[in-house]
Amino acid sequence: MTKQQPLLEVKNLKKYFPIKSGILKRTTGNVQAVENVSIDVYEGETLGVVGESGCGKSTFGRTVLGLEPLTAGTITFRGQEVGGFPYRQLKKFKKEMQMIFQDPYASLNPRQRVGDTLEEAFIIHTDLPKQERQQRVRELLVEVGLKEEYYERYPHEFSGGQRQRIGIARAIALNPSLIVCDEAVSALDVSVQAQIIKLLKRLQQSHQLTYLFISHDLGVVRHVCDRVLVMYLGATAELASSDQLYSNPLHPYTRALLSAIPRPIPGKKRERIRLQGDLPNPADYPQGCPFHTRCPLATEQCAKERPEWREIEQGHFVACHEV
Amino acid sequence: MDKLLQVDNLVTQFRTAEGKLSAVRGISFSVEKGETLCIVGESGCGKSITSLSIMGLLPSNGEIAEGSITFEGEVLTKKKEEELRQLRGNKMSMIFQEPMTALNPVFTVGYQLREPLVLHQHMTKRQATDKAVDLLEQVGIPDPKKRLKQFPHELSGGMRQRVMIAIALACNPSLLIADEPTTALDVTIQAQILDLIADLKRKMDMGVVFVTHDMGVVAEIADRVMVMYAGEVVEIGEVKEIFNNPQHPYTKGLLASVPNVDDEHHTLESIPGSLPNLNETIEGCRFHPRCPLATDRCKREDPPIFDVMETHQSKCWLQEVNVHDKAATSS
């Protein structure tokens, strides 16, 4: 990849949720949901963010969009800092950054016709007259593979895949440059999932979109993403191009994760790296490397020092003492 | 091998405001001792309703309208509710997708583990507690004595699912029905649970009916696979046959739409359209509106089930041509 100005620069991002207890609701601790994440996202690429549930990948996506206030760190979009500003100043950036949610039904208003839902973006962000707005909505519906007549329908009249198409139409309505897809295809059946992935790829071409693709499904991520970031317990474990990550995973967590995916080839005995136990509680953040409690290679050093984020080869970053 | 479970021409209907709707339309299959049968299909294809029908746990507006279910030589469909209750949790048991909703939040893990032992095996509380500790150890829960006193919300998702499995296995069932037991779990935990189920199956020689939509999981644990579409069985056969030599266009489509982790150049295919509603009437083959190979005949006539091999059946008119071809070449 040529060194260009990144579209989105995230530096040392931290997001803590305070735990309050007692009558005075004093903060007694923090859930460290995102712990020191730094990453550049370049124009036109698809960056995958993977990890188990509770690893902070969704919080990361939401914080980037400004849906959650950040605790520390900076977020720079097209060279301008956007992190930690009040809503009003961010309005013009909201147009540029959109989100597709996991459950399209929960993200649509059941009492509103989908046409009205889609029109809302134009009412807030443009001065178009009503007729033009409606025309744009109809074009949008066609663009995501639905029919113009669906303007009049309510969300419950659609199947899961169709609702996700509406969610996508809403996200691309204002021609954004960055879309955060938070588990956008996870709730769909495989045959429909494949349709939506194709649609997302087509739209990326036609609208020059950059995706931050958050998913726990490593198969889908390999298929969709150019680069992949592996997160564990809020921290970054490994970052590499899709090819590098899947052919030469370096971090022991990435290896375990890849080996645990069931492959659709019957009779193939594979060597599975068994991880013991569960994800530690992020409210009780482990000392040293966050993965050391489950890591098969853990040494004393891992329990004491947090590993550095190092570039092992061109574009391949990893946070591990043992690599 | 012995037939453990035999389902014949099962039709399950639901009474709704729009009249009676069939969620399962005349399916037949069997499970043998020590065998894992995977039921695959997209959501709404009737795979969960099939498993609930076997257990006799259909919601109050559902009923088995036709067909029979035979378990260890006894006809379940003729049994009274009380007799079924004697079997459930004892000879046959079930694991559900969401362990948090299946476990009772106001009772301790220990209470819920002892319950089937006291009810079915008439153990005393002390005996049951000892057995419960054994069971938790068997499913790989560290420090089982402490866990017995904990409530479900104190456990992680993987732990809860292990507890569910321990409860299901408490009375050494001969049939275990698992309805998407790993769908809500992360891959590393899923791998642990799949290993556990396979391990226990071997030890106890159970028959397992495993409902899932994940083809990767199927390849890993199934002996035989049954593919369902819109309430019907479209293809059934041994796992290697289904993956290496799929016959039905739906099975082929399903396999082609699974993203491959090991091959980056794999092109993802999708099946156009989506699953029909239960109240839609479809003439002919129920898959023909989405089938790339549909002919005029598919639109008119519903295909019967054809033998591909002795252990492999497909419900598609294309198969008839193949069968005839084989007959022609062999004669």
# chains A, B, ... in the order shown; residues from 1 in each chain; ligands from 1

$ interface_residues --of "chain A" --to "chain B" --cutoff "7 Å" --atoms "only C-alpha atoms" --output "PyMOL selection string"
chain A and resi 52-53+189-192+194-195+218-220+222-223+257+260-266+275

$ residues_around --residues "region 115-123 of chain A" --least-positions-apart "2" --cutoff "7 Å" --atoms "only C-alpha atoms" --output "list in words"
Gln112, Arg113, His125, Thr126, Asp127, Arg133, Gln134, Val137, Tyr151, Glu152 and Arg170 of chain A

$ select_by_dssp --residues "region 202-270 of chain A" --states "helix (DSSP H, G or I)" --output "list in words"
Arg202, Leu203, Gln204, Gln205, Ser206, His207, Leu218, Gly219, Val220, Val221, Arg222, His223, Val224, Ser242, Asp243, Gln244, Leu245, Tyr246, Ser247, Pro252, Tyr253, Thr254, Arg255, Ala256, Leu257, Leu258, Ser259 and Ala260 of chain A

$ closest_residue --among "B:Leu84, B:Cys285, B:Leu103, B:Leu169" --to "Asp205 (chain B)" --atoms "only C-alpha atoms"
B:Leu169

$ residues_around --residues "Ile167 (chain B)" --least-positions-apart "4" --cutoff "8 Å" --atoms "only C-alpha atoms" --output "JSON, numbers by chain"
{"B": [112, 113, 116, 163]}
